[in-house]
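Reviewing the structure listed below.
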Amino acid sequence: MARPLLISFDKVWKTYGEGEARVNALAGVDVAIRQGEFVAIMGPSGSGKSTSMNIIGCLDTPSAGTYSFMGVDAGRLDRARRATLRNLYIGFVFQGYNLLPRTTAAENVELPLIYRGVAKAERRALSMQALEAVGLAGREHHTPAELSGGQQQRVAIARAIVTRPTLLVADEPTGNLDTARSHEIMELLTQLNSRSGLTIVMVTHEADIAAYAQRTIHFLDGKVALDTVSLEAAQ
């Protein structure tokens, strides 16, 4: 039985500027991603990969066409409702970690729960569970300056999953890491996907990083140029 559809682009366009300055960042894109998939999005600069990620993460809306998330026409929601949808269902991991520098790992992980109004004791318990899930049990009192780059990205991943989201959006999650730490982070994301069924959509420009995904979507000139499934995922 096919897994439920989570993300759907139906002839999605995203246009910036007017007249001669008009640019089609996306040009009639059709994409469907089901729950539990691990999808890498690739493409050269200006191909539309970042624009598509911003729409998937409800950070932006289409100029035309339909973007559906969990059956909801997310592209037509107002800013406040999109923010609610992000808070409830989507976690984000960025290249630059985006951790608060004078705040401990546990406190950084708790931030999304504060926005939800979760009580302090429950926040701390959930934060500790998330840190353990990413292999950082015992490091909860360390600040970012006391952690390596790979450990900081693990804290960022813990913060993204502490709310138990349906979707994890990862923007160049290994971009600031060396090769060894990059592959450690990708092994962690693969485990989160396989063990908990977390849907992951990841933007990357590195083929060896994209190879961890079950499926790779290549963008070119605002369109999907190639959509391939790995041999393992196809079996």
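Each chain in the structure tokens gets a letter, A, B and so on, in the order shown; residues start at 1 in every chain, and ligands are counted from 1 in the order they appear.
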Could the residues of range 136-228 of chain A that have an atom at most 7 Å from range 43-47 of chain A be listed as a tab-separated table, each with its closest atom pair and the distance in Å to one decimal, counting only C-alpha atoms and ordered by chain and ascending residue number?
```
residue	atom	partner	partner_atom	distance
A:His205	CA	A:Gly43	CA	6.7
A:His218	CA	A:Gly43	CA	5.4
A:Phe219	CA	A:Gly43	CA	4.9
A:Leu220	CA	A:Ser47	CA	4.5
A:Asp221	CA	A:Ser47	CA	4.7
A:Gly222	CA	A:Ser47	CA	5.2
```
Convert the current residue selection to file output with N, CA, C and O atoms, as a compact mmCIF listing (two decimals), in the first residue's frame.
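Okay, this is what ended up in out_2.txt:
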```
# COMPACT_ATOMS: atom_id res chain seq x y z
N HIS A 205 24.40 20.35 -2.54
CA HIS A 205 25.07 20.43 -3.85
C HIS A 205 26.12 19.33 -3.98
O HIS A 205 26.83 19.27 -4.98
N HIS A 218 16.55 16.69 -9.25
CA HIS A 218 17.45 17.69 -9.80
C HIS A 218 16.64 18.81 -10.46
O HIS A 218 15.80 18.54 -11.32
N PHE A 219 16.91 20.04 -10.02
CA PHE A 219 16.27 21.21 -10.63
C PHE A 219 17.22 21.87 -11.62
O PHE A 219 18.44 21.89 -11.43
N LEU A 220 16.65 22.42 -12.68
CA LEU A 220 17.40 23.18 -13.66
C LEU A 220 16.47 24.20 -14.29
O LEU A 220 15.38 23.84 -14.78
N ASP A 221 16.85 25.48 -14.24
CA ASP A 221 16.07 26.56 -14.85
C ASP A 221 14.62 26.57 -14.38
O ASP A 221 13.68 26.76 -15.16
N GLY A 222 14.43 26.33 -13.08
CA GLY A 222 13.10 26.42 -12.50
C GLY A 222 12.20 25.23 -12.74
O GLY A 222 11.01 25.27 -12.43
```
Range 5-12 of chain A environment, 10 Å, only C-alpha atoms, sequence neighbours closer than 3 positions dropped, as a VMD selection string:
chain A and resid 2 26 to 37 52 55 to 56 61 to 75 166 to 167 199 222 to 223
Give the answer as one residue: which of A:Thr190, A:Thr204, A:Asn108, A:Thr228 has the shortest atom-to-atom distance to Gly175 in chain A, using only C-alpha atoms?
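Of A:Thr190, A:Thr204, A:Asn108, A:Thr228, the one nearest Gly175 in chain A is A:Thr204, counting only C-alpha atoms.
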Within 9 Å of Ala130 in chain A, counting only C-alpha atoms, which residues qualify if same-chain residues fewer than 6 places away don't, as a PyMOL selection string?
chain A and resi 109+136-137+155+157-159+161-162
Keeping N, CA, C and O atoms, export the residues of the selection given above as a PDB file, in the first residue's frame.
```pdb
ATOM      1  N   VAL A 109      17.768  23.373  22.514  1.00  0.00           N
ATOM      2  CA  VAL A 109      16.811  22.386  22.030  1.00  0.00           C
ATOM      3  C   VAL A 109      15.392  22.705  22.516  1.00  0.00           C
ATOM      4  O   VAL A 109      14.407  22.423  21.823  1.00  0.00           O
ATOM      5  N   LEU A 136      24.043  12.886  22.023  1.00  0.00           N
ATOM      6  CA  LEU A 136      24.686  13.921  22.839  1.00  0.00           C
ATOM      7  C   LEU A 136      24.268  13.867  24.297  1.00  0.00           C
ATOM      8  O   LEU A 136      24.324  14.880  25.006  1.00  0.00           O
ATOM      9  N   ALA A 137      23.867  12.701  24.779  1.00  0.00           N
ATOM     10  CA  ALA A 137      23.581  12.561  26.201  1.00  0.00           C
ATOM     11  C   ALA A 137      24.844  12.884  26.995  1.00  0.00           C
ATOM     12  O   ALA A 137      25.935  12.431  26.655  1.00  0.00           O
ATOM     13  N   VAL A 155      23.058  19.222  17.888  1.00  0.00           N
ATOM     14  CA  VAL A 155      22.154  20.011  18.738  1.00  0.00           C
ATOM     15  C   VAL A 155      21.047  20.632  17.884  1.00  0.00           C
ATOM     16  O   VAL A 155      19.866  20.626  18.257  1.00  0.00           O
ATOM     17  N   ILE A 157      19.883  19.505  15.089  1.00  0.00           N
ATOM     18  CA  ILE A 157      18.960  18.445  14.688  1.00  0.00           C
ATOM     19  C   ILE A 157      18.049  18.072  15.850  1.00  0.00           C
ATOM     20  O   ILE A 157      16.833  17.873  15.673  1.00  0.00           O
ATOM     21  N   ALA A 158      18.608  17.996  17.051  1.00  0.00           N
ATOM     22  CA  ALA A 158      17.784  17.709  18.236  1.00  0.00           C
ATOM     23  C   ALA A 158      16.709  18.776  18.404  1.00  0.00           C
ATOM     24  O   ALA A 158      15.548  18.470  18.719  1.00  0.00           O
ATOM     25  N   ARG A 159      17.076  20.029  18.203  1.00  0.00           N
ATOM     26  CA  ARG A 159      16.097  21.122  18.296  1.00  0.00           C
ATOM     27  C   ARG A 159      15.001  20.961  17.243  1.00  0.00           C
ATOM     28  O   ARG A 159      13.828  21.241  17.493  1.00  0.00           O
ATOM     29  N   ILE A 161      13.907  18.121  15.931  1.00  0.00           N
ATOM     30  CA  ILE A 161      13.051  16.943  16.125  1.00  0.00           C
ATOM     31  C   ILE A 161      12.367  16.905  17.483  1.00  0.00           C
ATOM     32  O   ILE A 161      11.525  16.030  17.718  1.00  0.00           O
ATOM     33  N   VAL A 162      12.675  17.852  18.374  1.00  0.00           N
ATOM     34  CA  VAL A 162      12.137  17.794  19.743  1.00  0.00           C
ATOM     35  C   VAL A 162      10.615  17.929  19.758  1.00  0.00           C
ATOM     36  O   VAL A 162       9.945  17.414  20.666  1.00  0.00           O
TER      37      VAL A 162
END
```
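You will find CA of Ala211 in chain A at 26.2 Å from CA of Leu59 in chain A.
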